[in-house]
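Note: the block below is my_file12.txt and it holds compact mmCIF, C-alpha atoms and all ligand atoms.
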# COMPACT_ATOMS: atom_id res chain seq x y z
CA MET A 1 -16.08 -25.66 14.20
CA GLY A 2 -12.76 -26.68 12.73
CA MET A 3 -9.59 -27.41 14.68
CA ASN A 4 -8.53 -24.54 17.00
CA ASN A 5 -12.24 -23.82 17.58
CA LYS A 6 -12.25 -21.62 14.51
CA ILE A 7 -15.49 -21.05 12.65
CA ARG A 8 -15.28 -22.87 9.34
CA ILE A 9 -16.62 -21.12 6.24
CA ALA A 10 -17.12 -22.43 2.71
CA THR A 11 -17.92 -20.11 -0.20
CA THR A 12 -18.76 -20.57 -3.85
CA SER A 13 -20.12 -18.72 -6.86
CA LEU A 14 -22.80 -20.48 -8.93
CA ALA A 15 -24.55 -18.40 -11.62
CA GLY A 16 -22.90 -15.24 -10.32
CA CYS A 17 -20.16 -12.87 -11.43
CA PHE A 18 -17.81 -13.10 -8.41
CA GLY A 19 -18.81 -9.55 -7.56
CA CYS A 20 -20.09 -10.72 -4.18
CA HIS A 21 -16.77 -12.39 -3.43
CA MET A 22 -14.94 -9.21 -4.44
CA SER A 23 -17.20 -7.19 -2.18
CA PHE A 24 -16.49 -9.61 0.69
CA LEU A 25 -12.78 -8.87 0.21
CA ASP A 26 -13.60 -5.17 0.57
CA ILE A 27 -13.65 -5.75 4.33
CA ASP A 28 -10.00 -4.78 3.77
CA GLU A 29 -7.75 -5.00 6.84
CA ARG A 30 -10.59 -6.47 8.88
CA ILE A 31 -9.70 -9.69 7.07
CA LEU A 32 -6.76 -10.04 9.49
CA GLN A 33 -9.16 -9.91 12.41
CA LEU A 34 -11.39 -12.41 10.64
CA ALA A 35 -8.50 -14.78 9.93
CA GLU A 36 -7.94 -15.19 13.67
CA LEU A 37 -11.54 -16.32 14.17
CA VAL A 38 -12.42 -18.26 11.04
CA GLU A 39 -10.85 -20.65 8.58
CA PHE A 40 -11.88 -21.29 4.99
CA ASP A 41 -13.01 -24.63 3.64
CA ARG A 42 -14.04 -25.09 -0.03
CA SER A 43 -13.81 -21.63 -1.58
CA PRO A 44 -12.20 -19.80 -4.51
CA LEU A 45 -9.95 -18.36 -1.79
CA THR A 46 -8.51 -21.83 -1.05
CA ASP A 47 -7.80 -24.82 -3.25
CA ILE A 48 -10.12 -27.17 -1.41
CA GLU A 49 -12.33 -28.98 -3.92
CA HIS A 50 -15.08 -30.37 -1.74
CA CYS A 51 -16.91 -29.22 1.38
CA THR A 52 -16.28 -30.86 4.71
CA ASN A 53 -18.30 -30.02 7.82
CA CYS A 54 -18.67 -26.25 7.98
CA ASP A 55 -20.42 -23.74 10.18
CA ILE A 56 -21.29 -21.31 7.40
CA GLY A 57 -21.73 -21.70 3.65
CA LEU A 58 -21.86 -18.48 1.62
CA ILE A 59 -23.31 -18.94 -1.84
CA GLU A 60 -23.25 -16.30 -4.53
CA GLY A 61 -25.31 -16.65 -7.71
CA GLY A 62 -28.46 -18.51 -8.62
CA VAL A 63 -28.77 -21.96 -10.15
CA CYS A 64 -28.48 -22.13 -13.95
CA ASN A 65 -27.12 -25.63 -14.71
CA SER A 66 -26.90 -29.17 -13.39
CA GLU A 67 -23.50 -28.62 -11.77
CA ASN A 68 -24.87 -25.67 -9.77
CA VAL A 69 -27.52 -28.00 -8.34
CA HIS A 70 -24.90 -30.57 -7.26
CA VAL A 71 -22.66 -27.96 -5.66
CA LEU A 72 -25.61 -26.36 -3.87
CA ARG A 73 -26.68 -29.73 -2.46
CA GLU A 74 -23.12 -30.46 -1.34
CA PHE A 75 -23.07 -27.15 0.52
CA ARG A 76 -26.46 -27.80 2.10
CA LYS A 77 -25.31 -31.22 3.30
CA ASN A 78 -22.17 -29.84 4.90
CA CYS A 79 -23.03 -26.38 6.19
CA LYS A 80 -24.94 -25.65 9.37
CA ILE A 81 -25.92 -22.16 8.24
CA LEU A 82 -26.42 -21.79 4.51
CA VAL A 83 -26.54 -18.21 3.26
CA ALA A 84 -27.85 -16.88 -0.07
CA VAL A 85 -25.50 -14.01 -0.88
CA GLY A 86 -26.54 -11.27 -3.29
CA ALA A 87 -29.39 -10.53 -5.68
CA CYS A 88 -28.74 -13.50 -8.00
CA ALA A 89 -28.81 -16.07 -5.18
CA ILE A 90 -31.99 -14.48 -3.84
CA ASN A 91 -34.07 -13.94 -7.00
CA GLY A 92 -31.98 -15.19 -9.92
CA GLY A 93 -30.71 -11.68 -10.68
CA LEU A 94 -29.41 -10.62 -14.07
CA PRO A 95 -28.80 -14.20 -15.32
CA ALA A 96 -32.53 -14.87 -14.73
CA MET A 97 -33.33 -12.27 -17.37
CA ARG A 98 -32.88 -15.13 -19.83
CA ASN A 99 -35.97 -16.74 -18.28
CA PHE A 100 -38.16 -14.83 -20.72
CA ILE A 101 -36.47 -16.33 -23.76
CA THR A 102 -36.49 -20.05 -24.58
CA LEU A 103 -33.23 -21.88 -24.01
CA GLU A 104 -33.14 -22.81 -27.68
CA ASP A 105 -33.37 -19.16 -28.74
CA CYS A 106 -30.65 -18.20 -26.23
CA LEU A 107 -28.26 -20.84 -27.58
CA ASN A 108 -29.06 -20.02 -31.19
CA GLU A 109 -28.39 -16.34 -30.66
CA ALA A 110 -25.19 -16.92 -28.69
CA TYR A 111 -23.63 -19.66 -30.80
CA LEU A 112 -25.31 -19.79 -34.22
CA SER A 113 -27.00 -16.67 -35.52
CA GLY A 114 -25.65 -13.84 -33.31
CA ILE A 115 -23.57 -11.00 -34.69
CA GLY A 116 -19.88 -11.89 -35.01
CA VAL A 117 -20.29 -15.63 -34.40
CA GLU A 118 -17.52 -17.69 -36.05
CA ASN A 119 -17.42 -21.50 -36.39
CA ALA A 120 -21.09 -21.58 -35.48
CA HIS A 121 -21.93 -24.60 -33.34
CA ILE A 122 -23.61 -25.13 -30.00
CA PRO A 123 -21.03 -26.46 -27.48
CA ASN A 124 -21.82 -30.11 -26.77
CA ASP A 125 -18.79 -31.51 -24.95
CA PRO A 126 -20.14 -34.19 -22.57
CA GLU A 127 -18.13 -32.58 -19.74
CA LEU A 128 -20.20 -29.40 -19.95
CA PRO A 129 -23.00 -29.23 -17.38
CA LEU A 130 -26.47 -29.15 -18.90
CA LEU A 131 -28.29 -25.84 -18.72
CA LEU A 132 -31.58 -25.64 -16.82
CA ASP A 133 -34.50 -24.24 -18.78
CA LYS A 134 -34.72 -21.37 -16.26
CA VAL A 135 -32.32 -19.76 -13.82
CA ARG A 136 -33.61 -20.31 -10.27
CA PRO A 137 -32.91 -18.72 -6.90
CA LEU A 138 -31.35 -20.92 -4.21
CA HIS A 139 -34.35 -21.14 -1.88
CA GLU A 140 -36.31 -22.99 -4.57
CA VAL A 141 -33.77 -25.83 -4.48
CA VAL A 142 -32.59 -26.19 -0.85
CA LYS A 143 -33.47 -24.65 2.51
CA ILE A 144 -31.67 -21.36 3.03
CA ASP A 145 -31.05 -20.06 6.56
CA PHE A 146 -30.14 -16.43 5.93
CA TYR A 147 -30.01 -13.90 3.10
CA LEU A 148 -27.60 -11.07 2.39
CA PRO A 149 -29.28 -8.84 -0.22
CA GLY A 150 -27.44 -6.43 -2.49
CA CYS A 151 -25.79 -6.33 -5.89
CA PRO A 152 -23.36 -6.88 -4.35
CA PRO A 153 -23.97 -6.78 -0.60
CA SER A 154 -21.47 -4.27 0.81
CA ALA A 155 -18.45 -5.40 2.81
CA ASP A 156 -20.22 -4.10 5.91
CA VAL A 157 -23.10 -6.52 5.28
CA PHE A 158 -20.69 -9.48 5.27
CA TRP A 159 -18.96 -8.08 8.34
CA LYS A 160 -22.19 -7.53 10.28
CA PHE A 161 -23.46 -11.03 9.47
CA LEU A 162 -20.19 -12.79 10.31
CA THR A 163 -19.54 -10.85 13.52
CA ASP A 164 -23.10 -11.52 14.68
CA ILE A 165 -22.53 -15.26 14.19
CA ILE A 166 -19.03 -15.23 15.68
CA GLU A 167 -20.26 -13.38 18.75
CA GLY A 168 -23.22 -15.71 19.15
CA ARG A 169 -25.99 -13.26 18.17
CA GLU A 170 -28.94 -13.88 15.90
CA PRO A 171 -27.82 -12.20 12.64
CA PHE A 172 -29.68 -8.96 11.92
CA LEU A 173 -29.25 -6.34 9.19
CA PRO A 174 -30.26 -2.80 10.17
CA TYR A 175 -31.96 -0.48 7.65
CA GLU A 176 -28.71 1.09 6.36
CA LEU A 177 -27.40 -2.32 5.35
CA ILE A 178 -30.44 -3.44 3.36
CA HIS A 179 -30.17 -2.64 -0.35
CA TYR A 180 -31.35 -4.60 -3.37
CA ASP A 181 -29.11 -2.65 -5.75
CA MET B 1 -64.52 16.65 23.33
CA SER B 2 -63.01 15.33 20.14
CA LYS B 3 -63.66 11.75 19.21
CA SER B 4 -60.81 9.26 19.41
CA ILE B 5 -59.64 5.78 18.56
CA THR B 6 -56.62 3.92 19.83
CA ILE B 7 -53.83 2.61 17.63
CA ASP B 8 -51.54 0.15 19.38
CA GLY B 9 -52.81 1.53 22.69
CA GLN B 10 -52.15 5.17 21.83
CA SER B 11 -55.20 7.40 21.82
CA ILE B 12 -55.54 9.57 18.71
CA PRO B 13 -58.28 12.02 17.71
CA PHE B 14 -60.30 11.80 14.51
CA ILE B 15 -63.04 13.79 12.83
CA ASP B 16 -66.09 12.20 11.25
CA GLY B 17 -65.44 11.07 7.70
CA GLN B 18 -61.75 10.30 8.24
CA THR B 19 -60.44 6.83 7.51
CA ILE B 20 -58.19 5.09 10.01
CA MET B 21 -55.28 5.84 7.67
CA GLU B 22 -56.09 9.55 7.61
CA ALA B 23 -56.47 9.77 11.37
CA ALA B 24 -53.22 7.84 11.87
CA THR B 25 -51.27 10.00 9.43
CA ALA B 26 -52.58 13.21 10.98
CA ALA B 27 -51.34 11.93 14.34
CA GLY B 28 -47.90 11.08 12.93
CA ILE B 29 -48.40 7.33 12.90
CA TYR B 30 -47.20 5.52 9.79
CA ILE B 31 -49.17 2.54 8.51
CA PRO B 32 -47.36 0.88 5.56
CA HIS B 33 -49.17 1.29 2.23
CA LEU B 34 -48.58 1.31 -1.52
CA CYS B 35 -51.90 1.80 -3.31
CA HIS B 36 -52.99 4.56 -0.93
CA HIS B 37 -52.21 8.18 -1.77
CA PRO B 38 -53.77 10.99 0.28
CA GLU B 39 -54.84 12.91 -2.82
CA TYR B 40 -56.82 10.12 -4.48
CA THR B 41 -59.90 8.03 -3.71
CA PRO B 42 -58.75 5.06 -1.64
CA HIS B 43 -58.68 1.74 -3.42
CA GLY B 44 -57.89 -0.77 -0.66
CA SER B 45 -56.20 -3.31 -2.91
CA CYS B 46 -52.57 -3.72 -1.87
CA LYS B 47 -53.55 -4.85 1.64
CA LEU B 48 -50.32 -3.60 3.18
CA CYS B 49 -52.27 -1.32 5.48
CA ASN B 50 -54.11 -4.26 7.04
CA VAL B 51 -54.83 -3.46 10.67
CA LYS B 52 -56.96 -5.23 13.26
CA VAL B 53 -60.01 -3.21 14.23
CA ASN B 54 -61.70 -4.65 17.31
CA GLY B 55 -60.30 -8.04 16.36
CA ARG B 56 -61.18 -7.95 12.68
CA VAL B 57 -58.69 -7.37 9.84
CA CYS B 58 -59.51 -4.31 7.70
CA SER B 59 -57.70 -2.01 5.25
CA ALA B 60 -56.87 1.18 7.16
CA CYS B 61 -57.05 3.25 3.95
CA THR B 62 -60.74 2.47 3.35
CA PHE B 63 -62.11 1.80 6.84
CA PRO B 64 -63.78 4.77 8.54
CA ALA B 65 -62.54 5.78 11.96
CA MET B 66 -65.30 5.38 14.56
CA GLU B 67 -65.61 5.97 18.27
CA ASP B 68 -64.38 3.08 20.47
CA GLN B 69 -62.20 1.45 17.85
CA GLU B 70 -59.19 -0.40 19.15
CA VAL B 71 -56.81 -0.62 16.24
CA LEU B 72 -53.72 -2.85 16.21
CA SER B 73 -51.08 -2.13 13.59
CA ASN B 74 -47.55 -2.94 14.69
CA THR B 75 -48.10 -6.47 15.98
CA ALA B 76 -45.76 -9.31 15.08
CA GLU B 77 -48.62 -11.01 13.22
CA LEU B 78 -49.52 -8.00 11.07
CA ILE B 79 -45.89 -7.16 10.35
CA ASN B 80 -45.39 -10.74 9.22
CA ASP B 81 -48.50 -10.54 7.01
CA ARG B 82 -47.19 -7.32 5.45
CA GLN B 83 -43.86 -8.91 4.74
CA LYS B 84 -45.52 -11.89 3.05
CA ILE B 85 -47.75 -9.57 0.98
CA THR B 86 -44.70 -7.59 -0.12
CA GLN B 87 -42.88 -10.80 -1.02
CA MET B 88 -45.88 -11.83 -3.12
CA LEU B 89 -45.77 -8.49 -4.95
CA PHE B 90 -42.11 -9.12 -5.73
CA VAL B 91 -42.43 -12.72 -7.00
CA GLU B 92 -45.55 -12.02 -9.04
CA GLY B 93 -43.73 -9.49 -11.25
CA ASN B 94 -40.10 -9.17 -12.34
CA HIS B 95 -38.17 -6.97 -9.96
CA PHE B 96 -34.51 -6.90 -10.86
CA CYS B 97 -33.64 -3.87 -8.77
CA PRO B 98 -29.97 -3.64 -9.86
CA SER B 99 -31.16 -2.91 -13.41
CA CYS B 100 -34.12 -0.69 -12.47
CA GLU B 101 -33.92 3.07 -12.84
CA LYS B 102 -36.28 3.53 -9.91
CA SER B 103 -34.08 1.72 -7.40
CA GLY B 104 -33.62 3.86 -4.30
CA ASN B 105 -36.69 5.96 -5.13
CA CYS B 106 -39.10 3.04 -5.32
CA GLN B 107 -41.84 2.74 -2.72
CA LEU B 108 -42.25 -1.01 -3.20
CA GLN B 109 -38.56 -1.50 -2.47
CA ALA B 110 -38.70 1.02 0.39
CA VAL B 111 -41.59 -0.78 2.07
CA ALA B 112 -39.63 -4.02 1.71
CA TYR B 113 -36.57 -2.41 3.34
CA HIS B 114 -38.78 -1.00 6.09
CA LEU B 115 -40.16 -4.49 6.78
CA ASN B 116 -36.61 -5.91 6.91
CA MET B 117 -37.42 -8.14 3.96
CA LEU B 118 -34.24 -9.99 3.01
CA ASP B 119 -35.66 -12.66 0.72
CA ASN B 120 -38.61 -13.53 -1.51
CA TYR B 121 -39.78 -16.60 0.47
CA PHE B 122 -42.10 -17.77 -2.35
CA PRO B 123 -41.01 -19.39 -5.63
CA LEU B 124 -40.38 -16.79 -8.32
CA PHE B 125 -43.05 -16.62 -10.98
CA TYR B 126 -41.04 -14.93 -13.78
CA PRO B 127 -44.09 -13.89 -15.82
CA THR B 128 -43.49 -12.75 -19.40
CA ARG B 129 -44.50 -9.10 -19.60
CA LYS B 130 -43.84 -6.32 -22.08
CA VAL B 131 -42.13 -2.96 -22.12
CA ASP B 132 -43.89 -0.08 -23.91
CA ALA B 133 -41.23 2.37 -25.04
CA SER B 134 -43.43 3.83 -27.79
CA HIS B 135 -43.89 7.26 -26.19
CA ALA B 136 -41.16 9.86 -26.70
CA GLU B 137 -40.88 10.85 -23.04
CA ILE B 138 -42.59 8.21 -20.90
CA LEU B 139 -41.71 4.52 -20.56
CA ILE B 140 -43.99 1.75 -19.29
CA ASP B 141 -42.32 -1.40 -17.97
CA HIS B 142 -45.13 -3.83 -17.21
CA ASN B 143 -42.68 -6.14 -15.42
CA ARG B 144 -42.78 -3.81 -12.42
CA CYS B 145 -46.48 -2.99 -12.24
CA ILE B 146 -48.18 -3.98 -8.97
CA PHE B 147 -51.71 -3.00 -10.11
CA CYS B 148 -52.08 -0.34 -7.44
CA THR B 149 -54.28 1.70 -9.85
CA LEU B 150 -52.67 4.98 -8.81
CA CYS B 151 -52.00 5.88 -12.44
CA VAL B 152 -55.62 5.02 -13.27
CA ARG B 153 -56.92 7.28 -10.49
CA ALA B 154 -54.45 10.10 -11.16
CA SER B 155 -55.34 10.16 -14.83
CA GLN B 156 -59.07 10.33 -14.08
CA GLU B 157 -59.13 12.45 -10.94
CA ALA B 158 -56.27 14.88 -11.46
CA ASP B 159 -55.61 14.98 -15.20
CA ASN B 160 -59.23 14.65 -16.34
CA LYS B 161 -58.14 12.01 -18.82
CA ASP B 162 -58.69 8.27 -18.86
CA ILE B 163 -55.46 6.77 -20.03
CA PHE B 164 -54.98 3.70 -17.84
CA ALA B 165 -57.09 0.80 -16.59
CA ILE B 166 -56.54 -2.60 -15.04
CA SER B 167 -57.92 -5.49 -17.05
CA GLY B 168 -58.27 -9.24 -16.43
CA ARG B 169 -58.32 -11.17 -13.18
CA GLY B 170 -55.91 -13.12 -11.02
CA ILE B 171 -52.76 -14.13 -12.83
CA ASN B 172 -54.04 -12.53 -16.05
CA LYS B 173 -54.48 -9.13 -14.48
CA HIS B 174 -52.61 -6.41 -16.34
CA LEU B 175 -52.38 -2.70 -16.95
CA ILE B 176 -53.97 -1.58 -20.20
CA ILE B 177 -53.65 1.68 -22.07
CA ASN B 178 -56.60 3.42 -23.61
CA SER B 179 -55.63 3.66 -27.28
CA THR B 180 -56.47 1.62 -30.37
CA SER B 181 -53.01 0.05 -30.57
CA GLY B 182 -52.78 -0.26 -26.77
CA LEU B 183 -49.58 1.77 -26.94
CA LEU B 184 -48.87 4.87 -24.88
CA ARG B 185 -47.71 6.83 -27.94
CA GLU B 186 -51.28 7.07 -29.18
CA THR B 187 -52.74 8.55 -26.00
CA ASP B 188 -52.85 12.21 -25.05
CA ILE B 189 -50.72 11.67 -21.95
CA ASP B 190 -48.46 14.61 -21.20
CA ILE B 191 -45.22 14.60 -19.29
CA LYS B 192 -46.78 17.14 -16.90
CA ASP B 193 -49.69 14.83 -16.05
CA GLN B 194 -49.91 13.52 -12.49
CA ALA B 195 -50.35 10.03 -13.94
CA ALA B 196 -46.86 10.18 -15.41
CA HIS B 197 -45.31 10.72 -11.97
CA ILE B 198 -47.53 8.87 -9.51
CA CYS B 199 -46.28 5.29 -9.96
CA PRO B 200 -44.86 3.95 -6.66
CA THR B 201 -42.64 1.51 -8.59
CA GLY B 202 -40.50 1.64 -11.72
CA ALA B 203 -43.42 0.72 -14.00
CA ILE B 204 -43.93 4.28 -15.30
CA LEU B 205 -40.71 6.17 -15.85
CA ILE B 206 -39.80 9.51 -17.34
CA LYS B 207 -37.20 8.88 -20.02
CA TYR B 208 -33.77 10.54 -19.98
CA THR B 209 -33.84 11.25 -16.23
CA ALA B 210 -32.69 7.84 -14.99
CA TYR B 211 -29.42 8.50 -13.25
CA GLN B 212 -29.60 12.23 -12.54
CA VAL B 213 -29.40 11.29 -8.88
CA PRO B 214 -26.83 8.54 -8.39
CA ILE B 215 -27.63 5.23 -6.65
CA GLY B 216 -26.72 5.65 -2.99
CA GLU B 217 -28.03 9.23 -2.80
CA ARG B 218 -31.69 8.55 -3.47
CA THR B 219 -34.77 9.13 -1.32
CA TYR B 220 -34.85 5.83 0.54
CA ASP B 221 -31.13 5.08 0.54
CA HIS B 222 -30.76 6.64 3.96
CA THR B 223 -34.28 7.60 5.08
CA GLU B 224 -36.96 5.06 5.90
CA ILE B 225 -40.29 5.29 4.14
CA ASP B 226 -42.18 5.96 7.40
CA GLN B 227 -40.20 9.20 7.84
CA VAL B 228 -40.44 10.18 4.16
CA SER B 229 -44.17 9.51 4.13
CA LEU B 230 -44.94 11.49 7.30
CA ASN B 231 -42.70 14.39 6.25
CA LEU B 232 -44.53 14.61 2.91
CA GLU B 233 -47.78 14.72 4.81
CA LYS B 234 -46.52 17.57 6.98
CA HIS B 235 -44.86 19.64 4.29
CA GLY B 236 -47.13 18.79 1.38
CA HIS B 237 -46.65 16.75 -1.76
CA GLU B 238 -44.74 18.25 -4.66
S1 LIG C 1 -39.85 -1.30 -9.34
FE1 LIG C 1 -38.86 -1.11 -7.34
S2 LIG C 1 -38.84 -3.20 -6.53
FE2 LIG C 1 -39.25 -3.33 -8.73
S3 LIG C 1 -37.24 -3.60 -9.70
FE3 LIG C 1 -37.64 -1.38 -9.65
S4 LIG C 1 -36.68 -0.69 -7.75
FE4 LIG C 1 -36.90 -2.90 -7.58
S1 LIG C 2 -48.21 1.33 -13.55
FE1 LIG C 2 -47.54 1.96 -11.51
S2 LIG C 2 -49.18 3.33 -10.80
FE2 LIG C 2 -50.02 2.17 -12.52
S3 LIG C 2 -51.04 0.38 -11.57
FE3 LIG C 2 -48.95 -0.24 -12.13
S4 LIG C 2 -47.73 0.08 -10.26
FE4 LIG C 2 -49.63 1.26 -10.02

Would you encode the structure as structure tokens?
Amino acid sequence: MGMNNKIRIATTSLAGCFGCHMSFLDIDERILQLAELVEFDRSPLTDIEHCTNCDIGLIEGGVCNSENVHVLREFRKNCKILVAVGACAINGGLPAMRNFITLEDCLNEAYLSGIGVENAHIPNDPELPLLLDKVRPLHEVVKIDFYLPGCPPSADVFWKFLTDIIEGREPFLPYELIHYD
Amino acid sequence: MSKSITIDGQSIPFIDGQTIMEAATAAGIYIPHLCHHPEYTPHGSCKLCNVKVNGRVCSACTFPAMEDQEVLSNTAELINDRQKITQMLFVEGNHFCPSCEKSGNCQLQAVAYHLNMLDNYFPLFYPTRKVDASHAEILIDHNRCIFCTLCVRASQEADNKDIFAISGRGINKHLIINSTSGLLRETDIDIKDQAAHICPTGAILIKYTAYQVPIGERTYDHTEIDQVSLNLEKHGHE
């Protein structure tokens, strides 16, 4: 818990599209209720760059590059309950559809030989994180404590999970809230 | 006096020759299954219908009902086994539901929902499999095949053809198509064949029908597979 006994939540998007974050914001005016009970740590919703001790870490997207691995480990180290949010975090999702093509072919198509490519060259700035040969789901890299399926999970899924935690219940998703699409 | 067995303590009648699955279904008890279909010879391969019969694990779809059987189905242990089996079916193929036309009408997905499966548990295998779009009206996406053999049985038993088979073992197991090129285009499959419609997953799809019913309004979006399955049994299959 943070100061004021508020539940502290960190969120991030790894190899995701921010759709899960957008869906989270679809809780609409319930966000006011939430703001009284929780505070945000590292998240695109704040400007905090690194995780401190948190109760919940919500991670959207799978792991596609070296930076994703570092961020995921930072979250695991700092979050009591680490949650894989959305299809990509759970099984790699759409980005993992590149897993059937070699990395070399992917880069060639995107930066060298693809239609409409200008100034063909594969980006090689040392600041760019290295790509992994395959996109991986989170549970293959760190221990995950709970999963919110969906592409994206609906606002009600986020709400059910968070209110269960806030009210001290074991989180549970009823049938209507389980969707993989 | 009719003969009876018990399932989870509830006494249900059976007639000689019925499997445990058939007796259960007739009594309105759902036992999860994917490779079983009441109209075709049972195959007993998906193992979702594992039940304990007098202490021993058996497939309900192939095991005959017999006097004095105590069958356990909805125990924590068996439910957990079923969830693990379903997770294995997911990681062994490529199931990207958000991009699958079958999503919401898929029995594999529906069983997973029914079992409250939120994750895959196992490492993902990401096998490289092909899509056969050669036929004008029917698409085969091998990424989603779970080797249930329903298309094989439907083609032989209902259509009097022999279009599909399962070949290879273990990780090399795959669906094959009975034509010289191995492509569906060169078979005599017809869009009216049972085999074209029987697939419980999105591995065999009818082209140009994908989004006639929108996501969110499909069979399992609001009704659990136990209800759908028992209703079908009562009111007949299409
Ligand atoms: S076949 Fe079923 S489980 Fe597989 S991707 Fe399609 S909807 Fe999902
Ligand atoms: S294509 Fe469909 S019906 Fe045929 S074996 Fe595969 S999953 Fe079963």

Practice item. Determine which residues of chain A sit within 8 Å of chain B, taking into account all atoms listed in the file, and present them as number ranges by chain. Key: A: 90-91, 93-94, 99-100, 136-137, 139-140, 147-149, 151, 173-176, 178-181

Review point. Which one is closest to ligand LIG 1 (chain C): B:Thr75, B:Gln69, B:Ser4, B:Thr219? Count all atoms listed in the file.
Key: B:Thr219

Kindly compute an axis-aligned box around the listed atoms of ligand LIG 1 (chain C), allowing 3 Å on each side, and express its centre and edge lengths in Å to one decimal as JSON.
{"center_x": -38.3, "center_y": -2.1, "center_z": -8.1, "size_x": 9.2, "size_y": 8.9, "size_z": 9.2}

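For the set B:Ile15, B:Ile204, B:Ala27, B:Leu183, the residue with the smallest atom-to-atom gap to B:Phe147 is B:Ile204, counting all atoms listed in the file.
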
**Study point:** Atomic distance atom CA of A:Pro126 - atom CA of A:Ala110, expressed in Å with one decimal
**Key:**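 Computing it gives 19.0 Å between the two atoms.
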
Review point. Using only C-alpha atoms and all ligand atoms, which residue out of B:Val111, B:Leu48, B:Cys61, B:Leu34 lies closest to ligand LIG 2 (chain C)?
Key: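 Smallest distance to ligand LIG 2 (chain C) is found for B:Leu34.
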
Check your understanding: At what distance in Å, to one decimal, does atom CA of A:Asp156 lie from atom CA of A:Ile27?
Key ->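 Calculated distance between atom CA of A:Ile27 and atom CA of A:Asp156 is 7.0 Å.
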
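For the pair atom CA of B:Glu137 and atom S3 of ligand LIG 1 (chain C), the interatomic distance is 20.0 Å.
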
Exercise for review: Would you list the residues near (-50.1, 2.2, -19.1), meaning any protein, DNA or RNA residue with an atom at most 7 Å from that point in file coordinates, counting all atoms listed in the file, as a list in words?
Suggested key: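 Residues with an atom at most 7 Å from (-50.1, 2.2, -19.1): Ile140, Phe164, Leu175, Ile176, Ile177 and Leu184 of chain B.
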
Can you spit out the residues from that selection as a PDB file, keeping the file's coordinate frame, using C-alpha atoms?
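Resulting contents of part-v4.pdb:
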ATOM      1  CA  ILE B 140     -43.990   1.750 -19.290  1.00  0.00           C
ATOM      2  CA  PHE B 164     -54.980   3.700 -17.840  1.00  0.00           C
ATOM      3  CA  LEU B 175     -52.380  -2.700 -16.950  1.00  0.00           C
ATOM      4  CA  ILE B 176     -53.970  -1.580 -20.200  1.00  0.00           C
ATOM      5  CA  ILE B 177     -53.650   1.680 -22.070  1.00  0.00           C
ATOM      6  CA  LEU B 184     -48.870   4.870 -24.880  1.00  0.00           C
TER       7      LEU B 184
END

Practice item. Give the residue list for ligand LIG 2 (chain C) at 8 Å, counting only C-alpha atoms and all ligand atoms, as a VMD selection string, sorted by chain and then by residue number. Key: chain B and resid 35 140 to 142 144 to 152 164 to 166 175 195 198 to 204
